[in-house]
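Peer 1: File name protein-v4.txt; file contents compact mmCIF, C-alpha atoms and all ligand atoms; full text below.
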# COMPACT_ATOMS: atom_id res chain seq x y z
CA SER P 54 18.75 -9.54 -0.99
CA LEU P 55 16.94 -6.21 -0.78
CA GLY P 56 13.59 -7.91 -1.21
CA ALA P 57 14.15 -9.74 2.06
CA ALA P 58 15.05 -6.63 4.03
CA PRO P 59 13.71 -6.75 7.59
CA ALA P 60 10.77 -4.46 8.37
CA VAL P 61 12.58 -2.89 11.31
CA ARG P 62 16.16 -2.41 12.29
CA ARG P 63 16.34 -2.26 16.06
CA LEU P 64 19.11 -0.67 18.08
CA ALA P 65 20.24 -4.13 19.18
CA ASP P 66 20.93 -5.05 15.54
CA TRP P 67 23.79 -2.57 15.22
CA ASP P 68 27.25 -4.10 15.64
CA ARG P 69 28.69 -3.10 18.99
CA GLU P 70 32.34 -3.35 18.01
CA ARG P 71 31.81 -1.33 14.83
CA LEU P 72 30.06 1.46 16.70
CA THR P 73 32.69 1.43 19.43
CA SER P 74 35.56 1.76 16.99
CA LEU P 75 33.79 4.60 15.15
CA ALA P 76 33.36 6.48 18.44
CA ASP P 77 37.03 5.87 19.31
CA GLU P 78 38.14 7.14 15.93
CA HIS P 79 35.80 10.11 15.44
CA GLY P 80 34.94 11.13 18.99
CA THR P 81 31.51 11.72 20.48
CA PRO P 82 28.78 12.81 20.17
CA LEU P 83 28.71 11.09 16.81
CA TYR P 84 25.88 10.29 14.43
CA VAL P 85 26.39 7.02 12.56
CA PHE P 86 24.36 6.48 9.41
CA ASP P 87 23.88 3.48 7.14
CA PRO P 88 23.06 4.30 3.48
CA ALA P 89 22.47 0.59 2.81
CA ARG P 90 19.51 0.66 5.18
CA VAL P 91 18.20 3.74 3.37
CA ARG P 92 18.24 1.75 0.14
CA GLU P 93 16.37 -1.10 1.85
CA ASN P 94 13.74 1.30 3.16
CA CYS P 95 13.33 2.85 -0.31
CA ARG P 96 12.85 -0.64 -1.75
CA ARG P 97 10.29 -1.53 0.91
CA LEU P 98 8.29 1.58 0.04
CA GLN P 99 8.52 0.81 -3.67
CA ASN P 100 7.33 -2.74 -3.08
CA ALA P 101 4.30 -1.53 -1.11
CA PHE P 102 3.50 1.38 -3.47
CA PRO P 103 4.60 0.09 -6.88
CA ASP P 104 2.58 2.63 -8.89
CA ALA P 105 3.11 5.68 -6.71
CA GLU P 106 5.50 8.54 -7.12
CA ILE P 107 7.57 8.39 -3.95
CA GLN P 108 9.10 11.69 -2.89
CA TYR P 109 11.56 11.56 -0.03
CA ALA P 110 10.95 14.41 2.46
CA ALA P 111 14.50 15.76 2.56
CA LYS P 112 14.08 17.54 5.88
CA ALA P 113 14.39 14.25 7.79
CA HIS P 114 18.05 13.79 6.81
CA THR P 115 19.51 16.18 4.28
CA ALA P 116 23.10 15.01 3.93
CA ARG P 117 24.19 15.14 0.31
CA ARG P 118 24.99 11.42 0.37
CA THR P 119 21.44 10.68 1.53
CA LEU P 120 19.88 12.75 -1.25
CA GLU P 121 22.11 10.94 -3.75
CA THR P 122 21.28 7.52 -2.30
CA VAL P 123 17.55 8.14 -2.30
CA HIS P 124 17.56 9.59 -5.80
CA ASP P 125 19.70 6.71 -7.04
CA ALA P 126 17.11 4.32 -5.58
CA GLY P 127 14.51 5.95 -7.81
CA LEU P 128 12.75 8.33 -5.43
CA ALA P 129 11.99 12.00 -6.03
CA ILE P 130 12.76 14.64 -3.40
CA GLU P 131 10.24 16.77 -1.48
CA CYS P 132 11.74 19.99 -0.20
CA ALA P 133 10.49 22.19 2.62
CA SER P 134 12.60 25.24 1.82
CA ALA P 135 14.64 26.91 -0.89
CA GLY P 136 17.73 25.59 0.86
CA GLU P 137 16.56 22.03 0.42
CA VAL P 138 15.73 22.68 -3.23
CA VAL P 139 19.24 24.03 -3.85
CA ARG P 140 20.83 21.10 -2.03
CA ALA P 141 18.74 18.55 -3.94
CA LEU P 142 19.66 20.09 -7.30
CA ASP P 143 23.32 20.34 -6.22
CA ALA P 144 23.21 16.64 -5.36
CA GLY P 145 22.32 15.91 -8.98
CA VAL P 146 18.58 15.43 -8.61
CA PRO P 147 16.88 16.66 -11.81
CA GLY P 148 14.21 19.33 -11.53
CA SER P 149 11.58 16.86 -12.68
CA ALA P 150 12.17 14.95 -9.42
CA VAL P 151 12.09 18.00 -7.12
CA THR P 152 9.02 19.35 -5.36
CA TYR P 153 9.07 22.45 -3.19
CA THR P 154 6.31 22.57 -0.59
CA ALA P 155 5.89 26.24 0.22
CA VAL P 156 4.62 26.81 3.76
CA ASN P 157 4.31 30.56 4.42
CA PRO P 158 7.19 31.00 1.99
CA PRO P 159 9.56 33.85 2.79
CA ALA P 160 10.30 36.13 -0.20
CA ARG P 161 13.87 34.91 -0.30
CA ASP P 162 12.71 31.31 -0.68
CA LEU P 163 10.40 32.23 -3.54
CA ALA P 164 13.16 34.20 -5.27
CA VAL P 165 15.61 31.29 -5.02
CA VAL P 166 13.09 28.65 -6.06
CA VAL P 167 11.78 30.63 -9.03
CA ASP P 168 15.40 31.12 -10.14
CA ALA P 169 15.94 27.39 -9.77
CA TRP P 170 12.79 26.77 -11.78
CA GLU P 171 14.06 28.95 -14.63
CA ALA P 172 17.05 26.61 -14.90
CA ASN P 173 14.96 23.50 -14.16
CA PRO P 174 11.52 24.14 -15.66
CA ASP P 175 10.19 20.71 -14.63
CA LEU P 176 10.29 21.29 -10.90
CA THR P 177 7.02 21.37 -9.00
CA ILE P 178 5.89 23.89 -6.40
CA THR P 179 3.13 23.11 -3.92
CA ALA P 180 1.23 26.16 -2.67
CA GLY P 181 -1.00 26.15 0.40
CA ALA P 182 -2.38 29.70 0.34
CA ALA P 183 -4.06 31.87 -2.30
CA ASP P 184 -1.54 34.68 -1.86
CA THR P 185 1.35 32.28 -2.42
CA ILE P 186 -0.15 31.64 -5.85
CA ASP P 187 -0.27 35.43 -6.45
CA ARG P 188 3.31 35.89 -5.33
CA LEU P 189 4.53 33.14 -7.62
CA ALA P 190 2.67 34.69 -10.57
CA GLU P 191 4.18 38.10 -9.76
CA ARG P 192 7.63 36.53 -10.02
CA GLY P 193 6.83 35.18 -13.46
CA PHE P 194 6.40 31.59 -12.40
CA ASP P 195 3.98 29.69 -14.63
CA GLY P 196 5.28 26.13 -14.20
CA ARG P 197 4.03 23.05 -12.39
CA LEU P 198 1.94 24.10 -9.41
CA ARG P 199 0.23 21.75 -6.94
CA LEU P 200 -2.48 22.87 -4.54
CA ARG P 201 -2.18 21.96 -0.87
CA VAL P 202 -5.53 21.57 0.83
CA ASN P 203 -6.44 21.41 4.49
CA PRO P 204 -8.09 18.01 4.65
CA GLY P 205 -9.75 18.79 7.99
CA VAL P 206 -8.25 15.69 9.54
CA GLY P 207 -4.75 14.89 10.77
CA ALA P 208 -2.63 12.52 12.83
CA GLY P 209 0.84 12.24 14.31
CA HIS P 210 2.99 11.07 17.21
CA HIS P 211 2.58 14.39 19.05
CA GLU P 212 0.17 17.31 18.72
CA LYS P 213 3.09 19.50 17.62
CA VAL P 214 3.49 17.50 14.40
CA VAL P 215 -0.17 17.07 13.44
CA THR P 216 -0.46 19.30 10.37
CA GLY P 217 -3.68 18.09 8.74
CA GLY P 218 -6.58 20.17 10.02
CA HIS P 219 -4.47 23.10 11.24
CA PRO P 220 -5.33 26.33 9.39
CA LYS P 221 -1.62 27.04 8.90
CA PHE P 222 -1.45 24.35 6.25
CA GLY P 223 -3.32 24.33 2.97
CA VAL P 224 -6.55 25.89 1.78
CA GLY P 225 -9.98 24.77 2.88
CA LEU P 226 -11.52 21.98 0.85
CA ASP P 227 -14.44 24.27 -0.02
CA ARG P 228 -12.10 26.82 -1.60
CA ALA P 229 -10.03 24.24 -3.45
CA PRO P 230 -12.08 24.00 -6.69
CA ALA P 231 -11.89 27.74 -7.38
CA LEU P 232 -8.16 27.86 -6.68
CA ALA P 233 -7.51 24.75 -8.73
CA ALA P 234 -9.36 26.39 -11.64
CA ARG P 235 -7.20 29.45 -11.23
CA ILE P 236 -4.02 27.39 -11.20
CA ASP P 237 -5.22 25.50 -14.23
CA ARG P 238 -5.69 28.76 -16.14
CA ALA P 239 -2.39 30.45 -15.29
CA PHE P 240 0.01 27.61 -14.47
CA GLU P 241 0.51 23.94 -15.19
CA PHE P 242 -1.84 22.30 -12.70
CA ALA P 243 0.22 19.56 -11.00
CA GLY P 244 -2.37 18.04 -8.71
CA ILE P 245 -3.59 18.23 -5.14
CA HIS P 246 -1.77 17.62 -1.88
CA ALA P 247 -2.47 17.11 1.81
CA HIS P 248 -0.33 15.90 4.70
CA ALA P 249 -1.82 14.41 7.87
CA GLY P 250 1.20 14.81 10.13
CA SER P 251 4.27 12.88 11.18
CA GLY P 252 4.65 9.56 12.92
CA ILE P 253 1.43 7.84 11.87
CA SER P 254 0.98 4.45 13.52
CA GLY P 255 -1.41 1.60 12.80
CA ASP P 256 -3.84 3.26 15.25
CA ASP P 257 -4.05 6.33 13.01
CA LEU P 258 -5.07 4.45 9.88
CA ALA P 259 -8.67 5.62 10.10
CA ASP P 260 -7.51 9.26 9.98
CA HIS P 261 -5.19 8.51 7.09
CA ARG P 262 -8.04 6.82 5.23
CA GLU P 263 -10.34 9.76 5.81
CA LEU P 264 -7.73 12.21 4.51
CA VAL P 265 -7.22 10.13 1.39
CA ARG P 266 -10.97 9.72 0.91
CA ARG P 267 -11.45 13.51 0.97
CA LEU P 268 -8.65 13.99 -1.56
CA GLY P 269 -10.21 11.35 -3.82
CA GLU P 270 -13.55 13.12 -3.58
CA LEU P 271 -11.96 16.48 -4.42
CA ALA P 272 -10.22 14.89 -7.39
CA ARG P 273 -13.54 13.60 -8.74
CA THR P 274 -15.12 17.03 -8.25
CA LEU P 275 -12.30 18.68 -10.19
CA ASP P 276 -12.44 16.03 -12.86
CA ALA P 277 -16.15 16.71 -13.33
CA GLU P 278 -15.33 20.41 -13.73
CA GLY P 279 -12.86 19.62 -16.49
CA ILE P 280 -9.70 19.96 -14.36
CA PRO P 281 -8.09 16.53 -14.18
CA VAL P 282 -5.75 16.46 -11.16
CA GLY P 283 -3.05 14.26 -12.62
CA THR P 284 -1.44 13.63 -9.23
CA ILE P 285 -2.91 13.09 -5.78
CA ASP P 286 -0.19 13.63 -3.19
CA VAL P 287 -1.33 12.18 0.14
CA GLY P 288 1.73 13.41 2.05
CA GLY P 289 4.11 11.49 4.28
CA GLY P 290 4.05 10.65 7.94
CA PHE P 291 4.51 6.87 7.98
CA GLY P 292 5.74 6.06 11.47
CA VAL P 293 8.47 3.73 12.67
CA PRO P 294 8.56 1.89 16.00
CA TYR P 295 10.73 3.70 18.55
CA ARG P 296 10.03 1.38 21.48
CA GLY P 297 11.49 -2.09 21.46
CA ASP P 298 8.08 -3.72 21.76
CA ALA P 299 6.21 -1.48 19.32
CA PRO P 300 5.02 -3.15 16.12
CA ALA P 301 6.23 -2.01 12.74
CA LEU P 302 3.72 -0.18 10.58
CA ASP P 303 2.19 -2.62 8.11
CA LEU P 304 3.09 -0.77 4.93
CA ASP P 305 1.10 -3.10 2.70
CA ALA P 306 -1.98 -2.42 4.82
CA VAL P 307 -1.38 1.33 4.53
CA ALA P 308 -1.01 1.03 0.77
CA GLU P 309 -4.15 -1.02 0.48
CA ALA P 310 -6.13 1.35 2.71
CA THR P 311 -4.85 4.25 0.61
CA ARG P 312 -5.95 2.68 -2.68
CA ALA P 313 -9.32 1.73 -1.25
CA ALA P 314 -9.95 5.17 0.24
CA LEU P 315 -8.98 6.95 -2.95
CA GLY P 316 -11.78 5.26 -4.85
CA GLU P 317 -12.16 5.40 -8.61
CA VAL P 318 -9.97 8.17 -9.90
CA ASP P 319 -7.71 8.58 -12.89
CA ALA P 320 -4.60 10.03 -11.24
CA THR P 321 -1.13 9.09 -10.05
CA LEU P 322 -0.74 8.58 -6.31
CA ALA P 323 2.19 10.41 -4.70
CA ILE P 324 3.56 9.99 -1.17
CA GLU P 325 6.20 11.95 0.77
CA PRO P 326 7.82 9.80 3.43
CA GLY P 327 10.77 11.22 5.35
CA ARG P 328 11.11 9.44 8.68
CA TYR P 329 10.34 6.04 7.21
CA VAL P 330 13.32 6.25 4.86
CA VAL P 331 15.99 7.27 7.33
CA ALA P 332 14.95 6.82 10.99
CA ASP P 333 16.33 3.33 11.57
CA ALA P 334 19.36 4.04 9.35
CA GLY P 335 20.92 6.18 12.07
CA VAL P 336 22.15 5.96 15.64
CA LEU P 337 23.70 8.55 17.92
CA LEU P 338 26.74 7.66 20.02
CA THR P 339 27.47 9.51 23.22
CA ARG P 340 29.84 9.05 26.13
CA VAL P 341 29.12 9.16 29.87
CA ASN P 342 30.85 12.12 31.57
CA THR P 343 29.23 12.01 35.01
CA VAL P 344 27.52 9.38 37.07
CA LYS P 345 25.47 10.59 39.98
CA GLU P 346 23.67 8.23 42.34
CA THR P 347 20.70 9.88 44.00
CA PRO P 348 17.94 8.38 46.10
CA GLU P 349 15.53 8.78 43.18
CA MET P 350 17.64 7.58 40.27
CA VAL P 351 21.05 7.29 38.71
CA VAL P 352 21.89 10.23 36.47
CA ALA P 353 24.28 9.54 33.62
CA GLY P 354 25.52 12.85 32.23
CA VAL P 355 26.53 12.44 28.60
CA ASP P 356 28.05 14.61 25.86
CA ALA P 357 24.92 14.58 23.66
CA GLY P 358 21.67 16.27 24.56
CA MET P 359 18.93 18.54 23.30
CA THR P 360 21.39 20.39 21.07
CA THR P 361 22.36 17.08 19.43
CA LEU P 362 19.00 15.29 19.42
CA LEU P 363 16.09 17.61 20.14
CA ARG P 364 13.22 15.15 19.86
CA PRO P 365 13.01 14.03 23.52
CA ALA P 366 13.01 17.64 24.77
CA MET P 367 10.59 18.90 22.12
CA TYR P 368 8.10 16.05 21.81
CA ASP P 369 8.85 13.88 24.84
CA ALA P 370 9.93 11.44 22.16
CA TYR P 371 11.12 8.00 23.21
CA HIS P 372 14.45 6.81 21.80
CA ALA P 373 15.94 3.44 22.70
CA VAL P 374 19.18 3.64 24.69
CA ARG P 375 21.76 0.85 24.72
CA SER P 376 24.96 0.66 26.68
CA LEU P 377 27.86 -0.44 24.50
CA ALA P 378 30.19 -0.91 27.49
CA PRO P 379 31.43 -4.52 27.17
CA GLU P 380 30.96 -5.40 30.84
CA ALA P 381 27.78 -3.32 31.38
CA SER P 382 25.48 -6.31 31.62
CA ASP P 383 27.46 -7.59 34.64
CA ARG P 384 26.65 -4.44 36.59
CA GLY P 385 22.93 -5.05 36.98
CA GLN P 386 20.05 -2.81 35.93
CA VAL P 387 19.00 0.46 37.53
CA GLY P 388 16.71 3.34 36.63
CA VAL P 389 18.92 5.67 34.62
CA THR P 390 18.26 9.22 33.51
CA VAL P 391 20.49 10.13 30.60
CA ALA P 392 21.13 13.86 30.79
CA GLY P 393 22.76 16.23 28.31
CA PRO P 394 25.14 19.07 29.16
CA ALA P 395 22.70 21.96 28.56
CA CYS P 396 21.40 24.15 31.36
CA GLU P 397 17.79 22.97 31.05
CA THR P 398 15.82 20.22 32.70
CA ALA P 399 14.34 19.44 29.29
CA ASP P 400 17.79 18.26 28.28
CA LEU P 401 17.19 14.59 29.12
CA LEU P 402 17.47 11.85 26.52
CA CYS P 403 15.52 9.44 28.73
CA GLU P 404 14.20 9.44 32.25
CA ASN P 405 14.50 6.69 34.81
CA ARG P 406 14.90 4.03 32.12
CA PRO P 407 15.94 0.51 33.23
CA LEU P 408 19.51 0.27 31.89
CA PRO P 409 22.81 -1.34 32.93
CA ARG P 410 24.37 0.64 35.78
CA PRO P 411 26.44 3.34 34.01
CA ALA P 412 30.12 4.08 34.61
CA LEU P 413 32.31 6.98 33.59
CA GLY P 414 33.50 6.65 30.00
CA ASP P 415 30.76 4.23 28.93
CA LEU P 416 29.58 4.56 25.37
CA LEU P 417 25.81 4.72 24.86
CA ALA P 418 23.92 4.34 21.60
CA ILE P 419 20.61 6.11 20.96
CA GLY P 420 18.36 4.42 18.42
CA ASN P 421 16.30 5.70 15.49
CA ALA P 422 18.38 8.85 15.31
CA GLY P 423 18.47 8.96 11.51
CA ALA P 424 15.32 11.05 11.11
CA TYR P 425 15.10 14.60 12.51
CA GLY P 426 18.26 14.01 14.54
CA TYR P 427 21.21 15.80 12.99
CA GLU P 428 18.85 18.13 11.11
CA MET P 429 17.37 19.59 14.29
CA ALA P 430 20.72 19.97 16.05
CA SER P 431 21.59 23.47 17.19
CA THR P 432 24.54 25.38 18.59
CA TYR P 433 22.67 26.45 21.73
CA ASN P 434 25.08 26.93 24.64
CA SER P 435 27.77 27.46 21.96
CA ARG P 436 28.01 23.73 21.60
CA PRO P 437 29.35 22.80 18.16
CA ARG P 438 27.21 20.38 16.22
CA PRO P 439 28.36 16.74 16.15
CA ALA P 440 30.06 14.87 13.34
CA GLU P 441 28.26 12.29 11.25
CA VAL P 442 29.89 9.31 9.53
CA THR P 443 28.61 6.31 7.68
CA VAL P 444 28.82 2.95 9.36
CA ASP P 445 31.80 2.32 7.06
CA GLY P 446 33.53 5.38 8.45
CA ASP P 447 33.02 7.74 5.49
CA PRO P 448 32.49 11.34 6.56
CA LEU P 449 28.98 12.72 6.02
CA ARG P 450 29.34 15.95 7.99
CA ARG P 451 32.42 17.11 9.78
CA ARG P 452 32.28 18.03 13.43
CA GLU P 453 31.67 21.73 13.89
CA SER P 454 34.43 23.67 15.63
CA LEU P 455 34.01 26.48 18.12
CA ALA P 456 35.39 28.76 15.39
CA ASP P 457 32.48 27.64 13.16
CA VAL P 458 30.01 28.51 15.86
CA ALA P 459 31.56 31.92 16.51
CA ARG P 460 32.13 32.90 12.89
CA LEU P 461 28.83 34.73 12.50
CA ASP P 462 29.50 37.13 15.34
CA ALA P 463 29.79 40.77 14.26
CA PRO P 464 33.28 41.43 12.82
CA GLU P 465 34.26 43.71 15.72
CA GLU P 466 33.61 40.82 18.04
CA GLN P 467 35.71 38.50 15.97
CA LYS P 468 38.59 40.97 15.93
CA ARG P 469 38.39 41.42 19.66
CA ARG P 470 38.72 37.71 20.17
CA GLY P 471 41.09 37.22 17.24
CA LYS P 472 43.85 35.73 19.36
CA GLU P 473 41.58 32.96 20.68
N1 LIG P 501 5.41 16.13 3.69
C1 LIG P 501 5.18 17.26 4.36
C2 LIG P 501 4.38 18.31 3.72
C3 LIG P 501 5.67 17.41 5.66
O1 LIG P 501 5.41 18.52 6.33
C4 LIG P 501 6.41 16.37 6.26
C5 LIG P 501 6.93 16.50 7.61
C6 LIG P 501 6.65 15.21 5.50
C7 LIG P 501 6.12 15.12 4.22
C8 LIG P 501 7.44 14.05 6.03
O2 LIG P 501 6.88 13.51 7.19
P1 LIG P 501 7.48 12.14 7.75
O3 LIG P 501 7.24 11.09 6.71
O4 LIG P 501 8.93 12.33 7.98
O5 LIG P 501 6.75 11.92 9.01
N2 LIG P 501 10.51 17.05 13.63
C9 LIG P 501 9.40 16.14 13.82
C10 LIG P 501 8.74 15.76 12.52
C11 LIG P 501 8.25 16.96 11.74
C12 LIG P 501 7.69 16.60 10.41
C13 LIG P 501 7.38 17.81 9.61
N3 LIG P 501 6.80 17.55 8.33
C14 LIG P 501 9.86 14.92 14.58
O6 LIG P 501 11.06 14.82 14.88
O7 LIG P 501 9.07 14.08 14.95
Could you take the file, read its structure, and then write that structure out as structure tokens?
Ligand code: LLP

Peer 2:
Amino acid sequence: SLGAAPAVRRLADWDRERLTSLADEHGTPLYVFDPARVRENCRRLQNAFPDAEIQYAAKAHTARRTLETVHDAGLAIECASAGEVVRALDAGVPGSAVTYTAVNPPARDLAVVVDAWEANPDLTITAGAADTIDRLAERGFDGRLRLRVNPGVGAGHHEKVVTGGHPKFGVGLDRAPALAARIDRAFEFAGIHAHAGSGISGDDLADHRELVRRLGELARTLDAEGIPVGTIDVGGGFGVPYRGDAPALDLDAVAEATRAALGEVDATLAIEPGRYVVADAGVLLTRVNTVKETPEMVVAGVDAGMTTLLRPAMYDAYHAVRSLAPEASDRGQVGVTVAGPACETADLLCENRPLPRPALGDLLAIGNAGAYGYEMASTYNSRPRPAEVTVDGDPLRRRESLADVARLDAPEEQKRRGKE
């Protein structure tokens, strides 16, 4: 049953034959995604945070089927852009379950979101700068508005994803009461928000607690000034174990620490997990195109790389790698560097990792590829983006063609190459 869902799904738990037949049928590189695991992860969050409003951070995996699955499981959707807002609404998510977190919002985003709000007056916007509030008012927006504060403390798996404490995000705690009062006068005040960062582990719990404590304190200050916050949104960031030996985050402990740190306050708790919902629901399949034995290491060149899965190149992120070749375990282990086809040394999915000796044509699986995998893919080197299917073989996103990649060239260019 869902209640008994395991805390972690490891790469080894995926069925080798199933993955192999999907790669044979759909080609590689191929993202494989399991909506059933998404439902389990939603349920695990709901069990740990029974009274909270859980908003899935759509940026982690934005396929329409995922938005539908998550909404169907009872979660709301947190959107990082107008595009995500439009896709959430298109997927059937009602405005009351949509939040748009405006970070330095481009005018086009504000125009689209305010239009969407006119049709869906229950949607919530989170603003993290005083002038964003002005710009929303200028566009006639007077709906649900949440204030993002800079909690002065953050955490995350890499400095590039620690948001809490960086001046880019939110308004200083000292300025929050005045801005909250302003929102309360001209809009529907929809609470306060802060986000520590992404990939919080058990070691970061003290930072998480401190962030929540500061939000609780702010809520009590506002309450005393006659501005009840209604909702305290403590952000997302719950990490998942990427290494085989890493422990799973103890979600119940996080929930308990959150409640304790919040203190006495009459408000609804909201959270915004992205990674936690989808990371272990996805794997990436890739095939070995080159094997090169060097004195230092064995290099396995594969058809996925930084344009398919950016995380290793961008954050030195660790992703488990598993050979799906049936006879691989007979070949013995060597230090293997799995390299993508791009013209950059950063384009390595792992370096000198002990793995079965690779051979041409081997299929490799990359774990925890469900979060920030497909979504961060690019067409750099004119490499079309991969396909994505469910583990049952349903299409989620079709493989991009070269024509797709080239279609935005200036028309003259397209004409010139029309016969291609
Ligand atoms: N809420 C806000 C305001 C956020 O900025 C984010 C993530 C989330 C929620 C969800 O965080 P999560 O629960 O997924 O950690 N590309 C990076 C992660 C960037 C996260 C950006 N903001 C990575 O691949 O590690």

Peer 1: With all atoms listed in the file counted, which protein, DNA or RNA residues have an atom no more than 7 Å from (3.6, 10.1, 16.2) in the file frame? Please answer as an MDAnalysis selection string.

Peer 2: chainID P and resid 209:211 251:254 292

Peer 1: Hey, which residues come within 6 Å of ligand LIG 501 (chain P) if we count all atoms listed in the file? Could you give them as a list in words?

Peer 2: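 Residues satisfying the distance criterion: Ala110, Ala113, Val214, His248, Ser251, Gly252, Gly288, Gly289, Gly290, Phe291, Glu325, Pro326, Gly327, Arg328, Tyr329, Arg364 and Tyr425 of chain P.
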
Peer 1: Separation of CA of Leu198 (chain P) and CA of Pro103 (chain P), in Å?

Peer 2: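 So the two atoms, CA of Leu198 (chain P) and CA of Pro103 (chain P), lie 24.3 Å apart.
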
Peer 1: For Arg267 (chain P), which of P:Thr321, P:Thr443, P:Asn203, P:Asn434 is the closest residue, counting only C-alpha atoms?

Peer 2: P:Asn203

Peer 1: Counting all atoms listed in the file, figure out which residue out of P:Arg63, P:Asp369, P:Phe240, P:Leu322 gets nearest to Glu212 (chain P).

Peer 2: P:Asp369

Peer 1: Hey, what's within 6 Å of region 373-379 of chain P if we count only C-alpha atoms and toss same-chain stuff fewer than 2 positions away? As number ranges by chain, please?

Peer 2: P: 381, 415-420

Peer 1: Compile the contact shell of Glu137 (chain P) as a PyMOL selection string: residues with an atom at most 12 Å away, counting only C-alpha atoms, same-chain residues fewer than 2 positions apart removed.

Peer 2: chain P and resi 109-117+120+130-135+139-144+146+151-155+162+165-166+169+428

Peer 1: CA of Ile107 (chain P) and CA of Ala314 (chain P), how far apart in Å?

Peer 2: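 These atoms are spaced 18.3 Å apart.
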
Peer 1: Which one of P:Gly250, P:Gly127, P:Pro220, P:Pro230 sits closest to Asn157 (chain P) if you count only C-alpha atoms?

Peer 2: P:Pro220

Peer 1: So that I can check the surroundings of region 185-190 of chain P, please list as a PyMOL selection string every protein, DNA and RNA residue that reaches within 10 Å of it, counting all atoms listed in the file and ignoring chain neighbours fewer than 2 positions away.

Peer 2: chain P and resi 155-160+163-164+166-167+178-183+192-196+198-200+232+235-236+239-240

Peer 1: Please measure the separation of CA of Phe222 (chain P) and CA of Ala247 (chain P), giving the value in Å to one decimal.

Peer 2: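 So the answer is 8.6 Å.
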
Peer 1: With distances taken over all atoms listed in the file, which residue among P:Ile245, P:Ala277, P:Ile285, P:Ala229 lies nearest Ala323 (chain P)?

Peer 2: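 Comparing P:Ile245, P:Ala277, P:Ile285, P:Ala229 against Ala323 (chain P), the winner is P:Ile285.
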
Peer 1: Please list as a PyMOL selection string every residue within 10 Å of region 408-413 of chain P, counting all atoms listed in the file and excluding residues in the same chain fewer than 6 positions away.

Peer 2: chain P and resi 340-345+351-355+374-378+380-391

Peer 1: Measuring between only C-alpha atoms, which one of P:Gly426, P:Gly148, P:Pro204, P:Gly279 shows the shortest distance to Phe242 (chain P)?

Peer 2: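 Result for the nearest residue to Phe242 (chain P): P:Gly279.
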
Peer 1: Do a neighbour search on Arg97 (chain P) at 12 Å with all atoms listed in the file, toss out local chain neighbours closer than 6 positions, and write the hits as a VMD selection string.

Peer 2: chain P and resid 54 to 61 90 to 91 103 107 126 128 302 to 305 308 326 329 to 330

Peer 1: Between P:Ala301, P:Ala430, P:Val444, P:Leu98, which residue has the minimum interatomic distance to Val336 (chain P), considering all atoms listed in the file?

Peer 2: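 The shortest atom-to-atom distance to Val336 (chain P) comes from P:Val444.
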